[in-house]
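**Student:** Below is the file run-v2.cif, which contains mmCIF, C-alpha atoms (C1' of nucleotides).
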data_structure
#
loop_
_atom_site.label_atom_id
_atom_site.label_comp_id
_atom_site.auth_asym_id
_atom_site.auth_seq_id
_atom_site.Cartn_x
_atom_site.Cartn_y
_atom_site.Cartn_z
CA MET D 1 25.26 -184.54 81.04
CA ASP D 2 24.34 -182.22 78.23
CA MET D 3 24.35 -184.41 75.10
CA GLN D 4 24.11 -181.34 72.89
CA ARG D 5 23.62 -181.47 69.16
CA PRO D 6 24.60 -184.86 67.80
CA HIS D 7 27.75 -183.76 66.01
CA GLN D 8 28.38 -180.06 66.17
CA HIS D 9 31.45 -180.25 64.02
CA ARG D 10 32.01 -176.59 63.25
CA LEU D 11 33.54 -177.25 59.90
CA PRO D 12 33.97 -173.56 58.99
CA GLN D 13 35.74 -172.96 62.29
CA HIS D 14 38.16 -175.78 61.67
CA LEU D 15 38.87 -174.59 58.16
CA LEU D 16 39.57 -171.15 59.55
CA ARG D 17 41.85 -172.38 62.31
CA ALA D 18 43.73 -174.67 59.98
CA ARG D 19 44.25 -171.82 57.58
CA GLU D 20 45.56 -169.64 60.35
CA ALA D 21 48.02 -172.31 61.43
CA VAL D 22 49.31 -172.58 57.89
CA MET D 23 49.40 -168.87 57.18
CA ALA D 24 51.51 -168.35 60.27
CA TYR D 25 54.30 -169.89 58.26
CA PHE D 26 53.92 -167.60 55.29
CA ARG D 27 52.85 -164.34 56.85
CA PRO D 28 56.22 -163.26 58.26
CA LEU D 29 57.82 -163.85 54.89
CA LEU D 30 55.29 -161.71 53.06
CA ASN D 31 55.23 -159.05 55.75
CA GLY D 32 58.99 -158.79 55.40
CA TYR D 33 58.49 -157.73 51.82
CA GLY D 34 55.58 -155.45 52.61
CA LEU D 35 53.12 -157.67 50.77
CA THR D 36 49.69 -158.75 51.85
CA GLU D 37 48.39 -162.25 51.44
CA GLN D 38 46.12 -161.18 48.61
CA GLN D 39 48.82 -159.29 46.78
CA TRP D 40 51.05 -162.34 46.88
CA ARG D 41 48.27 -164.54 45.56
CA ILE D 42 47.81 -162.19 42.63
CA MET D 43 51.50 -161.91 41.89
CA ARG D 44 51.98 -165.66 41.80
CA LEU D 45 48.95 -166.01 39.63
CA LEU D 46 50.22 -163.51 37.09
CA ASP D 47 53.70 -164.98 37.19
CA ASP D 48 52.31 -168.45 36.54
CA ARG D 49 49.78 -167.71 33.85
CA GLY D 50 50.67 -164.34 32.42
CA GLU D 51 48.41 -161.32 32.07
CA MET D 52 44.69 -161.78 32.37
CA GLU D 53 41.43 -159.90 32.92
CA ALA D 54 40.51 -158.66 36.35
CA GLY D 55 37.55 -160.98 36.51
CA MET D 56 39.76 -163.99 36.07
CA VAL D 57 42.12 -162.72 38.75
CA ALA D 58 39.17 -162.37 41.07
CA ASP D 59 38.03 -165.92 40.41
CA LEU D 60 41.40 -167.57 40.68
CA ALA D 61 42.62 -165.58 43.67
CA CYS D 62 39.31 -165.82 45.55
CA ILE D 63 38.92 -162.08 45.82
CA LEU D 64 35.61 -160.33 45.30
CA PRO D 65 35.57 -157.66 42.59
CA PRO D 66 35.03 -154.71 44.94
CA SER D 67 38.09 -155.73 46.94
CA LEU D 68 40.11 -156.38 43.85
CA THR D 69 39.57 -152.87 42.52
CA GLY D 70 41.38 -151.29 45.43
CA ILE D 71 44.04 -153.96 45.66
CA LEU D 72 45.00 -153.54 42.04
CA VAL D 73 45.14 -149.77 42.36
CA ARG D 74 47.51 -150.07 45.31
CA MET D 75 49.62 -152.69 43.57
CA GLU D 76 49.98 -150.50 40.53
CA LYS D 77 50.91 -147.56 42.70
CA ALA D 78 53.55 -149.77 44.32
CA GLY D 79 54.94 -150.61 40.89
CA LEU D 80 54.11 -154.30 41.11
CA ILE D 81 51.66 -154.55 38.21
CA HIS D 82 50.28 -152.74 35.19
CA ARG D 83 46.60 -152.14 34.47
CA ARG D 84 45.16 -151.37 31.04
CA LYS D 85 41.84 -151.54 29.30
CA ASP D 86 41.20 -154.16 26.67
CA LYS D 87 41.20 -152.50 23.25
CA SER D 88 38.45 -154.60 21.75
CA ASP D 89 36.18 -154.56 24.81
CA SER D 90 36.74 -151.56 26.98
CA ARG D 91 34.73 -153.02 29.81
CA ARG D 92 37.56 -155.42 30.53
CA LEU D 93 40.63 -154.60 32.56
CA ILE D 94 43.84 -156.42 31.71
CA VAL D 95 46.28 -156.95 34.56
CA SER D 96 49.93 -157.86 34.11
CA LEU D 97 53.00 -158.19 36.26
CA SER D 98 55.56 -155.40 35.97
CA ALA D 99 59.28 -156.10 35.64
CA GLU D 100 59.84 -155.32 39.32
CA GLY D 101 56.81 -157.39 40.21
CA ARG D 102 58.20 -160.35 38.35
CA THR D 103 61.63 -159.99 39.93
CA LEU D 104 60.14 -159.81 43.40
CA THR D 105 57.90 -162.78 42.78
CA GLN D 106 60.78 -164.92 41.69
CA GLN D 107 62.81 -163.76 44.64
CA ILE D 108 60.14 -164.75 47.13
CA SER D 109 59.01 -167.96 45.49
CA PRO D 110 61.81 -170.22 46.74
CA GLN D 111 61.38 -168.96 50.28
CA SER D 112 57.68 -169.61 50.04
CA ALA D 113 58.41 -173.11 48.86
CA ALA D 114 60.71 -173.58 51.84
CA CYS D 115 57.90 -172.62 54.20
CA TYR D 116 55.71 -175.12 52.50
CA GLU D 117 58.29 -177.83 52.95
CA GLN D 118 58.40 -177.16 56.67
CA ILE D 119 54.67 -177.64 56.88
CA GLU D 120 54.89 -180.80 54.86
CA GLN D 121 57.57 -182.19 57.13
CA HIS D 122 55.58 -181.49 60.26
CA PHE D 123 52.30 -182.73 58.92
CA GLY D 124 53.34 -185.58 56.69
CA GLU D 125 53.39 -185.74 52.94
CA ASP D 126 50.74 -188.40 52.69
CA LYS D 127 48.29 -186.69 54.99
CA LEU D 128 48.82 -183.45 53.16
CA GLU D 129 47.99 -185.12 49.88
CA GLN D 130 44.92 -186.66 51.41
CA LEU D 131 43.80 -183.35 52.87
CA LEU D 132 44.22 -181.52 49.59
CA GLN D 133 42.15 -184.16 47.86
CA LEU D 134 39.32 -183.76 50.34
CA LEU D 135 39.48 -179.98 50.18
CA THR D 136 39.33 -180.03 46.41
CA GLU D 137 36.21 -182.13 46.57
CA LEU D 138 34.63 -179.96 49.21
CA GLU D 139 35.18 -176.91 47.02
CA GLN D 140 32.88 -178.48 44.45
CA LEU D 141 29.88 -178.46 46.78
CA PRO D 142 26.80 -177.44 44.82
CA ALA D 143 25.50 -173.99 45.64
CA PRO D 144 22.85 -174.19 48.37
CA ALA D 145 19.23 -174.34 47.30
CA ALA D 146 18.24 -170.74 48.10
CA GLN D 147 16.70 -171.14 51.50
CA PRO D 148 14.30 -168.48 52.79
CA ALA D 149 16.19 -168.45 56.09
CA ALA D 150 14.85 -165.66 58.27
CA ALA D 151 11.50 -165.14 59.89
CA GLU D 152 10.42 -162.24 57.72
CA GLU D 153 11.06 -163.10 54.10
CA GLU D 154 9.57 -161.38 51.11
CA ALA D 155 6.27 -162.60 49.77
CA ALA D 156 7.09 -162.89 46.11
CA ALA D 157 10.46 -161.98 44.70
CA ASP D 158 10.55 -160.73 41.17
CA MET Q 1 56.11 -177.80 28.85
CA ASP Q 2 56.86 -175.74 31.90
CA MET Q 3 57.33 -178.29 34.74
CA GLN Q 4 57.26 -175.54 37.32
CA ARG Q 5 57.63 -176.11 41.06
CA PRO Q 6 57.31 -179.80 41.91
CA HIS Q 7 54.02 -179.58 43.81
CA GLN Q 8 52.66 -176.08 44.18
CA HIS Q 9 49.76 -177.18 46.28
CA ARG Q 10 48.46 -173.83 47.48
CA LEU Q 11 47.14 -175.22 50.70
CA PRO Q 12 45.97 -171.85 52.04
CA GLN Q 13 44.06 -171.24 48.82
CA HIS Q 14 42.27 -174.55 49.06
CA LEU Q 15 41.39 -173.98 52.67
CA LEU Q 16 39.97 -170.62 51.70
CA ARG Q 17 37.94 -171.95 48.79
CA ALA Q 18 36.62 -174.86 50.80
CA ARG Q 19 35.56 -172.51 53.53
CA GLU Q 20 33.77 -170.31 51.03
CA ALA Q 21 31.92 -173.28 49.60
CA VAL Q 22 30.75 -174.25 53.06
CA MET Q 23 29.90 -170.77 54.23
CA ALA Q 24 27.68 -170.31 51.20
CA TYR Q 25 25.29 -172.65 52.98
CA PHE Q 26 25.25 -170.71 56.23
CA ARG Q 27 25.57 -167.12 55.09
CA PRO Q 28 22.02 -166.60 53.82
CA LEU Q 29 20.64 -167.95 57.07
CA LEU Q 30 22.68 -165.57 59.18
CA ASN Q 31 22.13 -162.65 56.84
CA GLY Q 32 18.42 -163.22 57.19
CA TYR Q 33 18.75 -162.53 60.89
CA GLY Q 34 21.10 -159.60 60.40
CA LEU Q 35 23.98 -161.47 61.96
CA THR Q 36 27.53 -161.68 60.76
CA GLU Q 37 29.54 -164.83 60.76
CA GLN Q 38 31.60 -163.67 63.71
CA GLN Q 39 28.61 -162.62 65.75
CA TRP Q 40 27.07 -166.02 65.26
CA ARG Q 41 30.27 -167.75 66.31
CA ILE Q 42 30.28 -165.73 69.52
CA MET Q 43 26.64 -166.35 70.26
CA ARG Q 44 26.96 -170.08 69.88
CA LEU Q 45 30.03 -170.06 72.01
CA LEU Q 46 28.30 -168.22 74.84
CA ASP Q 47 25.23 -170.37 74.53
CA ASP Q 48 27.31 -173.52 74.76
CA ARG Q 49 29.70 -172.60 77.52
CA GLY Q 50 28.13 -169.70 79.36
CA GLU Q 51 29.70 -166.35 80.09
CA MET Q 52 33.43 -165.97 79.76
CA GLU Q 53 36.21 -163.40 79.49
CA ALA Q 54 36.77 -161.56 76.24
CA GLY Q 55 40.17 -163.15 75.83
CA MET Q 56 38.66 -166.59 75.86
CA VAL Q 57 36.05 -165.53 73.33
CA ALA Q 58 38.81 -164.26 71.11
CA ASP Q 59 40.69 -167.54 71.35
CA LEU Q 60 37.74 -169.83 70.84
CA ALA Q 61 36.09 -167.79 68.10
CA CYS Q 62 39.34 -167.08 66.25
CA ILE Q 63 38.93 -163.33 66.42
CA LEU Q 64 41.79 -160.98 67.19
CA PRO Q 65 41.29 -158.79 70.25
CA PRO Q 66 41.19 -155.49 68.36
CA SER Q 67 38.42 -156.82 66.14
CA LEU Q 68 36.59 -158.32 69.07
CA THR Q 69 36.37 -154.99 70.87
CA GLY Q 70 34.24 -153.47 68.15
CA ILE Q 71 32.21 -156.58 67.55
CA LEU Q 72 31.22 -156.84 71.20
CA VAL Q 73 30.27 -153.16 71.34
CA ARG Q 74 27.99 -153.58 68.35
CA MET Q 75 26.50 -156.78 69.73
CA GLU Q 76 25.73 -155.13 73.03
CA LYS Q 77 24.19 -152.19 71.23
CA ALA Q 78 22.03 -154.70 69.32
CA GLY Q 79 20.90 -156.23 72.62
CA LEU Q 80 22.48 -159.62 71.95
CA ILE Q 81 24.99 -159.70 74.81
CA HIS Q 82 26.01 -158.04 78.05
CA ARG Q 83 29.48 -156.75 78.87
CA ARG Q 84 30.79 -156.14 82.38
CA LYS Q 85 34.11 -155.84 84.09
CA ASP Q 86 35.36 -158.58 86.37
CA LYS Q 87 35.06 -157.40 89.96
CA SER Q 88 38.22 -159.06 91.19
CA ASP Q 89 40.37 -158.11 88.19
CA SER Q 90 39.10 -155.06 86.43
CA ARG Q 91 41.32 -155.64 83.45
CA ARG Q 92 39.09 -158.49 82.39
CA LEU Q 93 35.85 -158.11 80.49
CA ILE Q 94 33.13 -160.67 81.08
CA VAL Q 95 30.81 -161.35 78.18
CA SER Q 96 27.44 -163.06 78.48
CA LEU Q 97 24.47 -163.76 76.29
CA SER Q 98 21.38 -161.62 76.92
CA ALA Q 99 17.93 -163.14 77.13
CA GLU Q 100 17.16 -162.04 73.59
CA GLY Q 101 20.52 -163.29 72.47
CA ARG Q 102 19.84 -166.70 73.90
CA THR Q 103 16.39 -166.87 72.37
CA LEU Q 104 17.72 -165.94 68.98
CA THR Q 105 20.55 -168.43 69.24
CA GLN Q 106 18.21 -171.26 70.01
CA GLN Q 107 15.92 -170.19 67.23
CA ILE Q 108 18.69 -170.29 64.65
CA SER Q 109 20.50 -173.37 65.89
CA PRO Q 110 18.23 -175.99 64.34
CA GLN Q 111 18.32 -174.23 60.99
CA SER Q 112 22.08 -174.11 61.17
CA ALA Q 113 22.12 -177.81 61.89
CA ALA Q 114 19.92 -178.37 58.87
CA CYS Q 115 22.43 -176.54 56.66
CA TYR Q 116 25.11 -178.73 58.06
CA GLU Q 117 23.16 -181.83 57.23
CA GLN Q 118 22.85 -180.73 53.65
CA ILE Q 119 26.58 -180.40 53.40
CA GLU Q 120 27.05 -183.76 55.02
CA GLN Q 121 24.70 -185.37 52.56
CA HIS Q 122 26.44 -183.90 49.57
CA PHE Q 123 29.93 -184.58 50.78
CA GLY Q 124 29.53 -187.85 52.62
CA GLU Q 125 29.60 -188.48 56.32
CA ASP Q 126 32.75 -190.54 56.26
CA LYS Q 127 34.75 -188.09 54.22
CA LEU Q 128 33.58 -185.27 56.44
CA GLU Q 129 34.79 -187.14 59.49
CA GLN Q 130 38.09 -187.79 57.83
CA LEU Q 131 38.47 -184.16 56.81
CA LEU Q 132 37.73 -182.89 60.28
CA GLN Q 133 40.32 -185.23 61.69
CA LEU Q 134 42.97 -183.93 59.32
CA LEU Q 135 42.03 -180.32 59.93
CA THR Q 136 42.24 -180.80 63.67
CA GLU Q 137 45.73 -182.17 63.29
CA LEU Q 138 46.77 -179.40 60.97
CA GLU Q 139 45.62 -176.84 63.50
CA GLN Q 140 48.24 -178.20 65.88
CA LEU Q 141 51.12 -177.26 63.63
CA PRO Q 142 53.95 -175.88 65.74
CA ALA Q 143 54.48 -172.17 65.39
CA PRO Q 144 57.06 -171.49 62.70
CA ALA Q 145 60.64 -171.07 63.83
CA ALA Q 146 60.87 -167.28 63.54
CA GLN Q 147 62.38 -167.00 60.10
CA PRO Q 148 64.23 -163.83 59.17
CA ALA Q 149 62.24 -163.74 55.94
CA ALA Q 150 63.01 -160.48 54.20
CA ALA Q 151 66.21 -159.12 52.77
CA GLU Q 152 66.99 -156.88 55.72
CA GLU Q 153 66.76 -158.99 58.87
CA GLU Q 154 68.06 -158.31 62.36
CA ALA Q 155 71.53 -159.42 63.28
CA ALA Q 156 71.01 -161.49 66.42
CA ALA Q 157 67.81 -161.72 68.43
CA ASP Q 158 68.48 -162.32 72.15
"C1'" DC P 1 19.12 -147.98 14.18
"C1'" DA P 2 16.72 -148.19 18.83
"C1'" DC P 3 15.92 -150.43 22.99
"C1'" DG P 4 16.50 -153.27 26.83
"C1'" DA P 5 19.16 -156.99 28.88
"C1'" DA P 6 23.59 -158.79 30.04
"C1'" DA P 7 28.49 -158.29 31.19
"C1'" DT P 8 32.30 -155.90 33.71
"C1'" DG P 9 34.08 -152.76 36.86
"C1'" DT P 10 33.64 -149.36 40.27
"C1'" DT P 11 31.66 -146.68 44.42
"C1'" DA P 12 29.74 -146.58 48.80
"C1'" DA P 13 29.01 -147.96 53.52
"C1'" DG P 14 29.57 -150.78 57.24
"C1'" DA P 15 32.03 -154.65 59.47
"C1'" DT P 16 36.16 -157.25 60.18
"C1'" DG P 17 41.28 -158.42 59.78
"C1'" DT P 18 46.11 -157.04 60.91
"C1'" DT P 19 49.76 -154.70 63.01
"C1'" DC P 20 51.51 -151.50 66.24
"C1'" DA P 21 51.08 -148.49 70.03
"C1'" DG P 22 48.94 -147.08 74.39
"C1'" DC P 23 46.43 -147.27 78.75
"C1'" DA P 24 44.85 -149.22 82.97
"C1'" DT P 25 45.30 -152.89 86.17
"C1'" DT P 26 47.70 -156.41 88.41
"C1'" DG P 27 51.61 -159.19 90.00
"C1'" DT P 28 56.45 -159.37 91.58
"C1'" DG P 29 60.70 -158.47 93.80
"C1'" DA P 30 63.98 -155.33 95.92
"C1'" DT C 1 56.28 -149.31 99.39
"C1'" DC C 2 58.06 -148.49 94.89
"C1'" DA C 3 59.80 -149.37 90.53
"C1'" DC C 4 58.91 -152.54 86.79
"C1'" DA C 5 57.44 -156.14 84.11
"C1'" DA C 6 53.32 -158.70 82.68
"C1'" DT C 7 48.42 -158.90 81.49
"C1'" DG C 8 44.05 -157.53 79.15
"C1'" DC C 9 41.80 -154.69 76.56
"C1'" DT C 10 41.33 -150.49 73.51
"C1'" DG C 11 42.68 -146.93 69.84
"C1'" DA C 12 44.46 -145.91 65.41
"C1'" DA C 13 45.65 -146.69 60.62
"C1'" DC C 14 45.31 -149.22 56.83
"C1'" DA C 15 43.75 -153.27 54.01
"C1'" DT C 16 40.21 -156.37 52.96
"C1'" DC C 17 35.41 -158.47 53.03
"C1'" DT C 18 30.46 -158.10 52.07
"C1'" DT C 19 26.35 -156.38 50.13
"C1'" DA C 20 23.90 -153.19 47.29
"C1'" DA C 21 23.66 -149.71 43.97
"C1'" DC C 22 25.70 -147.47 39.76
"C1'" DA C 23 28.18 -146.53 35.40
"C1'" DT C 24 29.77 -148.02 31.17
"C1'" DT C 25 30.09 -150.85 27.50
"C1'" DT C 26 28.51 -154.55 24.67
"C1'" DC C 27 25.11 -157.72 22.78
"C1'" DG C 28 20.67 -159.41 21.02
"C1'" DT C 29 16.60 -158.45 18.76
"C1'" DG C 30 13.11 -156.14 16.55
#
Let's see the structure in the file written out as structure tokens.
**Tutor:**
Amino acid sequence: MDMQRPHQHRLPQHLLRAREAVMAYFRPLLNGYGLTEQQWRIMRLLDDRGEMEAGMVADLACILPPSLTGILVRMEKAGLIHRRKDKSDSRRLIVSLSAEGRTLTQQISPQSAACYEQIEQHFGEDKLEQLLQLLTELEQLPAPAAQPAAAEEEAAAD
Amino acid sequence: MDMQRPHQHRLPQHLLRAREAVMAYFRPLLNGYGLTEQQWRIMRLLDDRGEMEAGMVADLACILPPSLTGILVRMEKAGLIHRRKDKSDSRRLIVSLSAEGRTLTQQISPQSAACYEQIEQHFGEDKLEQLLQLLTELEQLPAPAAQPAAAEEEAAAD
DNA sequence: CACGAAATGTTAAGATGTTCAGCATTGTGA
DNA sequence: TCACAATGCTGAACATCTTAACATTTCGTG
């Protein structure tokens, strides 16, 4: 009776919901160790690839620089990481995992993997593979073509 | 040389990145109207299904109740919605779109649909359909089985 | 060397997410 | 009717997101 928009798919909504469903498996684990989602992402990153600049952490962990600043300060205060300026280019900040950070990461990792296995069992290995493939492609979407958007846009930007 | 974990897929990461890639298409549009992502989700919801209780808004828009409280206050202050208590059960809060809210929603909707079409064109209609199917299934993951998680867990619950 | 542009982080301000606690209202059973 | 649990929303505290503006350092070029 209302034949609304042809296919109002709500892709962002579904991506959000799906992420929530998945994170529900990991969140209790991380909470138990007093870690946030973002902190865990950073720790795994540094454990996998070694120390790196803040900018690279931001890119790989999907965290915007202003957020990262505070997160790294708190993580250093918690003894999880070290922060130091690059000697040759003092604009850059080098981030590395501390000894305790590494220990904790390697303690949590197997439990995290176990959570992942549960998800895989429920969802199916093949479908999971398929989904990851599609997501990877979707991530490569070209940036949108700078649409004016609102009613009142500027006359000439420069 | 390091043959780490067998398949460290990072599903949550991919869901996050994919969502970012998609939202990049919608964000400028909403920003142009001074709306946040969450506000827009709520407006579309109310436009589609009419007034409803706050709890239902929270569920359908994937917003936790404590966040929703503030969001609704700001939206009412901005003249986008109305808030009123249910007469028969004064615990419940009924939320409805205001006249201006409805007008704005219907003004933005076609532009939002246009963004969506762009994404569909880039990504492919078939793959999009397939992805949405998988996401919908993933959303139905059973809640995790209450894992003890951390080092210090409780002895016996119940 | 001087100057301006680019690169890299950080601050600031407002909005939202997340968890836990509280408050009011309602439903239920003795 | 009264105690008591359940429901629905709000408050508080902290962490993060988002955008814009700033500070510092480095680079490119004259």
**Student:** Quick one: superpose chain D on chain Q on all Cα atoms, same order, and give the RMSD.
**Tutor:** 0.7 Å
**Student:** Check every residue of chain D for an atom within 6 Å of chain Q, counting all atoms listed in the file, and provide those that qualify as a PDB file with C-alpha atoms, in the coordinates of the input.
**Tutor:**
ATOM      1  CA  PRO D  12      33.970-173.560  58.990  1.00  0.00           C
ATOM      2  CA  ARG D  17      41.850-172.380  62.310  1.00  0.00           C
ATOM      3  CA  ALA D  18      43.730-174.670  59.980  1.00  0.00           C
ATOM      4  CA  ARG D  19      44.250-171.820  57.580  1.00  0.00           C
ATOM      5  CA  ALA D  21      48.020-172.310  61.430  1.00  0.00           C
ATOM      6  CA  TYR D  25      54.300-169.890  58.260  1.00  0.00           C
ATOM      7  CA  LEU D  29      57.820-163.850  54.890  1.00  0.00           C
ATOM      8  CA  GLY D  32      58.990-158.790  55.400  1.00  0.00           C
ATOM      9  CA  TYR D  33      58.490-157.730  51.820  1.00  0.00           C
ATOM     10  CA  LEU D 135      39.480-179.980  50.180  1.00  0.00           C
ATOM     11  CA  LEU D 138      34.630-179.960  49.210  1.00  0.00           C
ATOM     12  CA  GLU D 139      35.180-176.910  47.020  1.00  0.00           C
ATOM     13  CA  PRO D 144      22.850-174.190  48.370  1.00  0.00           C
ATOM     14  CA  ALA D 149      16.190-168.450  56.090  1.00  0.00           C
ATOM     15  CA  ALA D 150      14.850-165.660  58.270  1.00  0.00           C
TER      16      ALA D 150
END
**Student:** Could you work out which residues of chain D fall inside 9 Å of chain P? Count only C-alpha atoms (C1' of nucleotides), and format the result as a ChimeraX atom specification.
**Tutor:** /D:54-55,65-66,69,91-93
**Student:** Based on the selection just made, write C-alpha atoms of those residues as a PDB file, in the frame of the given file.
**Tutor:**
ATOM      1  CA  ALA D  54      40.510-158.660  36.350  1.00  0.00           C
ATOM      2  CA  GLY D  55      37.550-160.980  36.510  1.00  0.00           C
ATOM      3  CA  PRO D  65      35.570-157.660  42.590  1.00  0.00           C
ATOM      4  CA  PRO D  66      35.030-154.710  44.940  1.00  0.00           C
ATOM      5  CA  THR D  69      39.570-152.870  42.520  1.00  0.00           C
ATOM      6  CA  ARG D  91      34.730-153.020  29.810  1.00  0.00           C
ATOM      7  CA  ARG D  92      37.560-155.420  30.530  1.00  0.00           C
ATOM      8  CA  LEU D  93      40.630-154.600  32.560  1.00  0.00           C
TER       9      LEU D  93
END
**Student:** Find the residue from Q:Arg44, Q:Lys85, Q:Arg102, Q:Arg49 that sits nearest to chain C; use all atoms listed in the file when measuring.
**Tutor:**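 Once distances to chain C are computed over all atoms listed in the file, the minimum belongs to Q:Lys85.
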**Student:** Just so the selection is clear, what residues does the PyMOL selection byres ((chain C) within 9 of (chain D)) cover here, as number ranges by chain?
**Tutor:** C: 15-18, 24-26
**Student:** Do you have the atom CA of Ala78 of chain D-atom C1' of DT19 of chain C distance handy?
**Tutor:**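 Separating atom CA of Ala78 of chain D from atom C1' of DT19 of chain C is a distance of 28.6 Å.
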**Student:** What does the structure give for the distance between atom CA of Leu97 of chain Q and atom C1' of DT7 of chain C, in Å to one decimal?
**Tutor:**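 Going from atom CA of Leu97 of chain Q over to atom C1' of DT7 of chain C, I get 25.0 Å.
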**Student:** Tell me, in Å to one decimal, how far atom CA of Gly50 of chain D is from atom CA of Ile81 of chain D.
**Tutor:**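 Taking atom CA of Gly50 of chain D as the start and atom CA of Ile81 of chain D as the end point, the length is 11.4 Å.
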**Student:** Excluding same-chain residues fewer than 3 positions from Ile94 of chain D, what lies within 6 Å of it counting only C-alpha atoms (C1' of nucleotides), as a PyMOL selection string?
**Tutor:** chain D and resi 52-53+83-85
